[in-house]
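*Asks:* Got a file for you: coords.txt, compact mmCIF, C-alpha atoms.
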```
# COMPACT_ATOMS: atom_id res chain seq x y z
CA MET A 27 0.00 0.00 0.00
CA LYS A 28 2.82 2.40 0.88
CA LYS A 29 4.62 1.57 -2.37
CA ARG A 30 1.52 2.38 -4.43
CA ALA A 31 1.00 5.63 -2.55
CA LEU A 32 4.63 6.66 -3.11
CA TRP A 33 4.42 5.74 -6.80
CA LEU A 34 1.18 7.71 -7.22
CA LEU A 35 2.71 10.70 -5.42
CA ALA A 36 5.77 10.57 -7.72
CA VAL A 37 3.55 10.55 -10.85
CA ILE A 38 1.49 13.48 -9.54
CA MET A 39 4.67 15.48 -8.79
CA ALA A 40 6.08 14.78 -12.31
CA LEU A 41 2.97 16.01 -14.18
CA PRO A 42 3.62 19.75 -13.68
CA LEU A 43 7.15 19.31 -15.01
CA CYS A 44 5.80 17.85 -18.25
CA ALA A 45 3.30 20.69 -18.62
CA CYS A 46 6.00 23.38 -18.26
CA SER A 47 7.89 22.36 -21.38
CA SER A 48 5.47 24.03 -23.79
CA ASP A 49 8.23 26.15 -25.41
CA LYS A 50 8.53 25.68 -29.16
CA ARG A 51 12.04 25.65 -30.62
CA VAL A 52 12.32 26.92 -34.21
CA GLU A 53 15.45 26.67 -36.35
CA LEU A 54 16.19 30.11 -37.80
CA THR A 55 16.72 30.68 -41.53
CA ALA A 56 17.18 33.77 -43.66
CA GLU A 57 13.52 33.43 -44.68
CA ASN A 58 11.97 33.24 -41.18
CA LEU A 59 14.40 35.43 -39.20
CA THR A 60 12.39 38.64 -39.67
CA ASP A 61 9.34 36.90 -38.15
CA TYR A 62 11.21 36.94 -34.84
CA LEU A 63 13.75 39.75 -35.15
CA GLN A 64 13.76 43.30 -36.51
CA ILE A 65 17.09 44.47 -37.93
CA SER A 66 17.88 48.12 -38.60
CA VAL A 67 21.01 49.66 -40.13
CA GLU A 68 21.31 53.41 -39.70
CA VAL A 69 23.85 56.11 -40.42
CA VAL A 70 24.27 57.80 -37.04
CA ASP A 71 27.07 60.23 -37.90
CA CYS A 72 28.27 61.53 -41.26
CA GLN A 73 30.79 64.34 -41.58
CA VAL A 74 32.01 65.55 -44.98
CA ASN A 75 34.76 68.17 -45.15
CA LYS A 76 35.21 70.24 -48.32
CA ASP A 77 38.38 72.29 -47.91
CA ARG A 78 39.62 74.64 -50.61
CA THR A 79 43.34 74.89 -51.17
CA GLU A 80 45.36 76.62 -53.86
CA LEU A 81 48.17 75.20 -55.92
CA VAL A 82 50.05 77.71 -58.07
CA GLY A 83 47.10 80.08 -57.93
CA MET A 84 44.52 77.44 -58.91
CA PRO A 85 41.82 76.50 -56.39
CA LEU A 86 41.59 72.80 -55.54
CA MET A 87 39.02 70.99 -53.44
CA ASP A 88 40.21 68.59 -50.77
CA ILE A 89 37.23 66.39 -49.88
CA SER A 90 37.28 63.95 -46.95
CA GLY A 91 34.76 62.42 -44.60
CA LYS A 92 33.97 59.92 -41.87
CA ALA A 93 30.72 58.15 -41.04
CA GLU A 94 29.47 55.68 -38.46
CA ILE A 95 26.69 53.13 -38.82
CA GLU A 96 24.78 51.21 -36.17
CA ILE A 97 23.23 47.80 -36.67
CA SER A 98 20.51 47.09 -34.10
CA THR A 99 18.38 44.02 -33.48
CA MET A 100 15.03 44.09 -31.67
CA VAL A 101 12.76 41.19 -30.81
CA GLN A 102 9.47 41.02 -32.76
CA SER A 103 7.48 38.71 -30.48
CA ASP A 104 7.62 36.82 -27.17
CA VAL A 105 10.71 34.80 -28.04
CA GLN A 106 14.22 34.07 -26.80
CA PHE A 107 17.27 33.03 -28.79
CA GLU A 108 19.75 30.20 -28.49
CA ASN A 109 23.19 30.10 -30.20
CA VAL A 110 22.16 32.59 -32.91
CA GLU A 111 24.85 33.83 -35.31
CA LEU A 112 23.95 36.28 -38.10
CA THR A 113 26.01 37.30 -41.09
CA LEU A 114 24.86 40.46 -42.88
CA ARG A 115 26.24 42.07 -46.03
CA VAL A 116 26.19 45.82 -45.46
CA GLN A 117 26.63 48.26 -48.37
CA PRO A 118 26.79 52.09 -48.40
CA SER A 119 24.27 53.77 -50.72
CA ASN A 120 26.88 56.27 -51.92
CA LEU A 121 29.62 54.51 -53.91
CA ASP A 122 32.30 56.94 -52.66
CA TRP A 123 32.20 55.43 -49.16
CA GLN A 124 34.01 52.33 -47.92
CA PHE A 125 34.52 50.60 -44.59
CA GLU A 126 37.68 51.46 -42.69
CA ARG A 127 38.47 47.77 -42.10
CA GLY A 128 37.27 44.62 -43.82
CA ASN A 129 36.11 46.37 -46.99
CA GLN A 130 35.15 44.03 -49.84
CA GLN A 131 34.65 45.16 -53.42
CA ARG A 132 32.35 43.59 -55.96
CA VAL A 133 30.76 44.68 -59.22
CA ASN A 134 26.99 45.24 -59.28
CA ARG A 135 24.61 44.76 -62.19
CA TYR A 136 25.38 48.27 -63.52
CA ASP A 137 29.13 47.45 -63.75
CA GLN A 138 29.94 49.74 -60.84
CA THR A 139 32.38 48.82 -58.10
CA VAL A 140 30.45 48.47 -54.85
CA ASN A 141 32.06 48.54 -51.43
CA SER A 142 30.49 46.22 -48.89
CA LYS A 143 31.33 44.29 -45.76
CA GLN A 144 30.11 41.10 -44.16
CA ILE A 145 29.38 41.69 -40.48
CA GLN A 146 28.86 38.82 -38.05
CA ILE A 147 26.61 39.29 -35.02
CA SER A 148 26.16 36.93 -32.08
CA LEU A 149 22.73 37.43 -30.53
CA PRO A 150 22.31 37.34 -26.77
CA PHE A 151 19.51 35.28 -25.21
CA ASP A 152 17.09 38.25 -25.29
CA GLY A 153 17.93 39.14 -28.93
CA GLU A 154 18.65 42.82 -28.27
CA THR A 155 22.06 44.06 -29.45
CA THR A 156 23.75 46.96 -31.25
CA VAL A 157 27.05 46.92 -33.14
CA SER A 158 28.72 49.78 -34.98
CA ASP A 159 31.27 50.23 -37.74
CA ARG A 160 33.07 53.17 -39.33
CA LEU A 161 33.33 54.24 -42.96
CA GLU A 162 35.52 56.73 -44.78
CA LEU A 163 34.97 58.84 -47.87
CA VAL A 164 37.29 57.81 -50.70
CA THR A 165 36.77 59.79 -53.91
CA GLU A 166 38.63 61.27 -56.83
CA ARG A 167 35.67 63.51 -57.71
CA LYS A 168 35.84 67.16 -56.76
CA MET A 169 32.12 67.92 -57.16
CA GLY A 170 28.89 66.16 -56.27
CA ASN A 171 26.90 64.84 -53.34
CA PHE A 172 29.10 63.04 -50.83
CA GLU A 173 26.58 62.63 -48.00
CA LEU A 174 25.82 59.12 -46.77
CA SER A 175 22.12 58.91 -45.91
CA ASN A 176 21.50 55.18 -45.72
CA VAL A 177 23.15 51.79 -45.89
CA GLY A 178 21.62 48.74 -47.54
CA TRP A 179 21.87 45.28 -46.05
CA GLU A 180 20.96 41.67 -46.70
CA ILE A 181 21.05 38.48 -44.65
CA ILE A 182 23.81 36.16 -45.87
CA ASP A 183 23.67 33.41 -43.23
CA VAL A 184 21.79 32.51 -40.03
CA SER A 185 22.26 29.72 -37.53
CA GLY A 186 20.64 29.01 -34.17
CA TYR A 187 17.16 28.75 -32.70
CA ALA A 188 14.25 30.93 -31.62
CA ILE A 189 12.36 29.65 -28.59
CA GLU A 190 8.71 30.67 -28.66
CA LYS A 191 7.01 30.89 -25.30
```
Would it be possible to restate this file's structure as structure tokens?
*Replies:*
Amino acid sequence: MKKRALWLLAVIMALPLCACSSDKRVELTAENLTDYLQISVEVVDCQVNKDRTELVGMPLMDISGKAEIEISTMVQSDVQFENVELTLRVQPSNLDWQFERGNQQRVNRYDQTVNSKQIQISLPFDGETTVSDRLELVTERKMGNFELSNVGWEIIDVSGYAIEK
């Protein structure tokens, strides 16, 4: 009788533990990542200097600049993350800008050289993080618009899991 009572008590105590594991684990892909995570890439500081100098009585423009971008992730729904690694390709909208370190060049469909960079981000458990990177203005042109207003991005690779509550 005591054995049956102890066995019944053990089963009753184990039931709540089974009920608590209602979390759903979803493998993240480039296609479903934005269902769980919002990614933003913003230019937070852009400074362009246009200095005039003279060489043998002829005015010359000396154009230089620095910019900083921030990549932020924000959770879309009631979810947590496990072992999530993101790789984004980030590309300045103005072709005269390039990353200070890790710059990669490729040719786009209009036969223009495009400067881009692959940035890897490790997400914390709560999914909220911000990383930044710096760019510099590299141009031979002496006239035109050199401002950097936005930066394009695309997801290259994703690994890890979202845990829905």
*Asks:* Between atom CA of Glu96 of chain A and atom CA of Tyr187 of chain A, what is the spacing in Å?
*Replies:*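 Atom-to-atom, atom CA of Tyr187 of chain A to atom CA of Glu96 of chain A, that is 24.0 Å.
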*Asks:* Any idea what the distance is between atom CA of Thr155 of chain A and atom CA of Asn120 of chain A?
*Replies:*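 Computing the Euclidean distance for atom CA of Thr155 of chain A and atom CA of Asn120 of chain A yields 26.0 Å.
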*Asks:* With all atoms listed in the file as the basis for distance, which of A:Glu173, A:Glu190, A:Asp159, A:Asp88 is at the shortest distance from Glu126 of chain A?
*Replies:*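 That would be A:Asp159, the residue with the smallest distance to Glu126 of chain A.
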*Asks:* When you look at Phe107 of chain A with a cut-off of 9 Å (counting only C-alpha atoms), what residues show up, excluding the ones that are within fewer than 5 positions of it in the same chain? I need them as a list in words.
*Replies:*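 What passes the distance filter is Leu149, Pro150, Phe151, Asp152, Gly153, Gly186, Tyr187, Ala188, Ile189 and Glu190 of chain A.
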*Asks:* Nearest to Val177 of chain A: which of A:Asn141, A:Gln146, A:Thr165, A:Gln102 is it, counting all atoms listed in the file?
*Replies:* A:Asn141
*Asks:* Select, from A:Leu174, A:Ile182, A:Leu163, A:Val116, the residue with the minimum atom-to-atom distance to Ser90 of chain A, counting all atoms listed in the file.
*Replies:*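 Ranking A:Leu174, A:Ile182, A:Leu163, A:Val116 by distance to Ser90 of chain A, first place goes to A:Leu163.
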*Asks:* Pick from A:Asp122, A:Ser103, A:Glu180, A:Val140: nearest to Ile65 of chain A, with all atoms listed in the file counted?
*Replies:*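 Closest to Ile65 of chain A of all the choices is A:Glu180.
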*Asks:* Could you please fill out segment 89-100 of chain A with all heavy atoms and send it back as a CSV table (one decimal), in the coordinates of the input?
*Replies:*
```csv
chain,number,residue,atom,x,y,z
A,89,ILE,N,38.5,66.9,-50.4
A,89,ILE,CA,37.2,66.4,-49.9
A,89,ILE,C,37.6,65.1,-49.1
A,89,ILE,O,38.2,64.2,-49.5
A,89,ILE,CB,36.2,66.1,-51.0
A,89,ILE,CG1,35.9,67.4,-51.8
A,89,ILE,CG2,35.0,65.5,-50.4
A,89,ILE,CD1,35.1,67.1,-53.0
A,90,SER,N,37.1,65.1,-47.8
A,90,SER,CA,37.3,64.0,-47.0
A,90,SER,C,36.0,63.8,-46.1
A,90,SER,O,35.2,64.7,-46.0
A,90,SER,CB,38.5,64.1,-46.1
A,90,SER,OG,38.4,65.3,-45.2
A,91,GLY,N,35.9,62.6,-45.5
A,91,GLY,CA,34.8,62.4,-44.6
A,91,GLY,C,34.9,61.1,-43.8
A,91,GLY,O,35.6,60.2,-44.2
A,92,LYS,N,34.1,61.1,-42.7
A,92,LYS,CA,34.0,59.9,-41.9
A,92,LYS,C,32.5,59.7,-41.6
A,92,LYS,O,31.7,60.7,-41.5
A,92,LYS,CB,34.7,60.1,-40.5
A,92,LYS,CG,36.2,60.3,-40.7
A,92,LYS,CD,36.9,59.0,-40.8
A,92,LYS,CE,38.4,59.2,-40.9
A,92,LYS,NZ,39.1,58.0,-41.2
A,93,ALA,N,32.1,58.5,-41.4
A,93,ALA,CA,30.7,58.2,-41.0
A,93,ALA,C,30.7,57.0,-40.1
A,93,ALA,O,31.7,56.2,-40.1
A,93,ALA,CB,29.9,57.9,-42.3
A,94,GLU,N,29.6,56.8,-39.3
A,94,GLU,CA,29.5,55.7,-38.5
A,94,GLU,C,28.1,55.1,-38.7
A,94,GLU,O,27.1,55.9,-38.9
A,94,GLU,CB,29.6,56.1,-37.0
A,94,GLU,CG,29.6,54.9,-36.1
A,94,GLU,CD,30.0,55.3,-34.6
A,94,GLU,OE1,30.6,56.3,-34.4
A,94,GLU,OE2,29.7,54.4,-33.8
A,95,ILE,N,28.0,53.8,-38.7
A,95,ILE,CA,26.7,53.1,-38.8
A,95,ILE,C,26.4,52.3,-37.6
A,95,ILE,O,27.4,51.9,-36.9
A,95,ILE,CB,26.6,52.2,-40.1
A,95,ILE,CG1,27.6,51.1,-40.0
A,95,ILE,CG2,26.7,53.0,-41.3
A,95,ILE,CD1,27.4,50.0,-41.0
A,96,GLU,N,25.2,52.1,-37.3
A,96,GLU,CA,24.8,51.2,-36.2
A,96,GLU,C,23.8,50.2,-36.7
A,96,GLU,O,22.9,50.5,-37.4
A,96,GLU,CB,24.1,52.0,-35.1
A,96,GLU,CG,25.0,52.7,-34.1
A,96,GLU,CD,24.2,53.3,-32.9
A,96,GLU,OE1,23.0,53.2,-32.9
A,96,GLU,OE2,24.9,53.8,-32.1
A,97,ILE,N,24.1,48.9,-36.3
A,97,ILE,CA,23.2,47.8,-36.7
A,97,ILE,C,22.6,47.4,-35.4
A,97,ILE,O,23.3,47.0,-34.4
A,97,ILE,CB,24.0,46.6,-37.3
A,97,ILE,CG1,24.8,47.1,-38.5
A,97,ILE,CG2,23.1,45.5,-37.6
A,97,ILE,CD1,25.8,46.1,-39.1
A,98,SER,N,21.2,47.4,-35.3
A,98,SER,CA,20.5,47.1,-34.1
A,98,SER,C,19.5,45.9,-34.4
A,98,SER,O,19.0,45.9,-35.5
A,98,SER,CB,19.7,48.3,-33.6
A,98,SER,OG,20.6,49.4,-33.3
A,99,THR,N,19.4,45.1,-33.4
A,99,THR,CA,18.4,44.0,-33.5
A,99,THR,C,17.4,44.2,-32.3
A,99,THR,O,17.8,44.5,-31.2
A,99,THR,CB,19.0,42.6,-33.4
A,99,THR,OG1,19.7,42.5,-32.1
A,99,THR,CG2,20.0,42.4,-34.5
A,100,MET,N,16.1,44.0,-32.7
A,100,MET,CA,15.0,44.1,-31.7
A,100,MET,C,14.1,42.9,-31.9
A,100,MET,O,13.8,42.5,-33.0
A,100,MET,CB,14.3,45.4,-31.8
A,100,MET,CG,15.1,46.6,-31.5
A,100,MET,SD,14.2,48.2,-31.7
A,100,MET,CE,13.9,48.2,-33.5
```
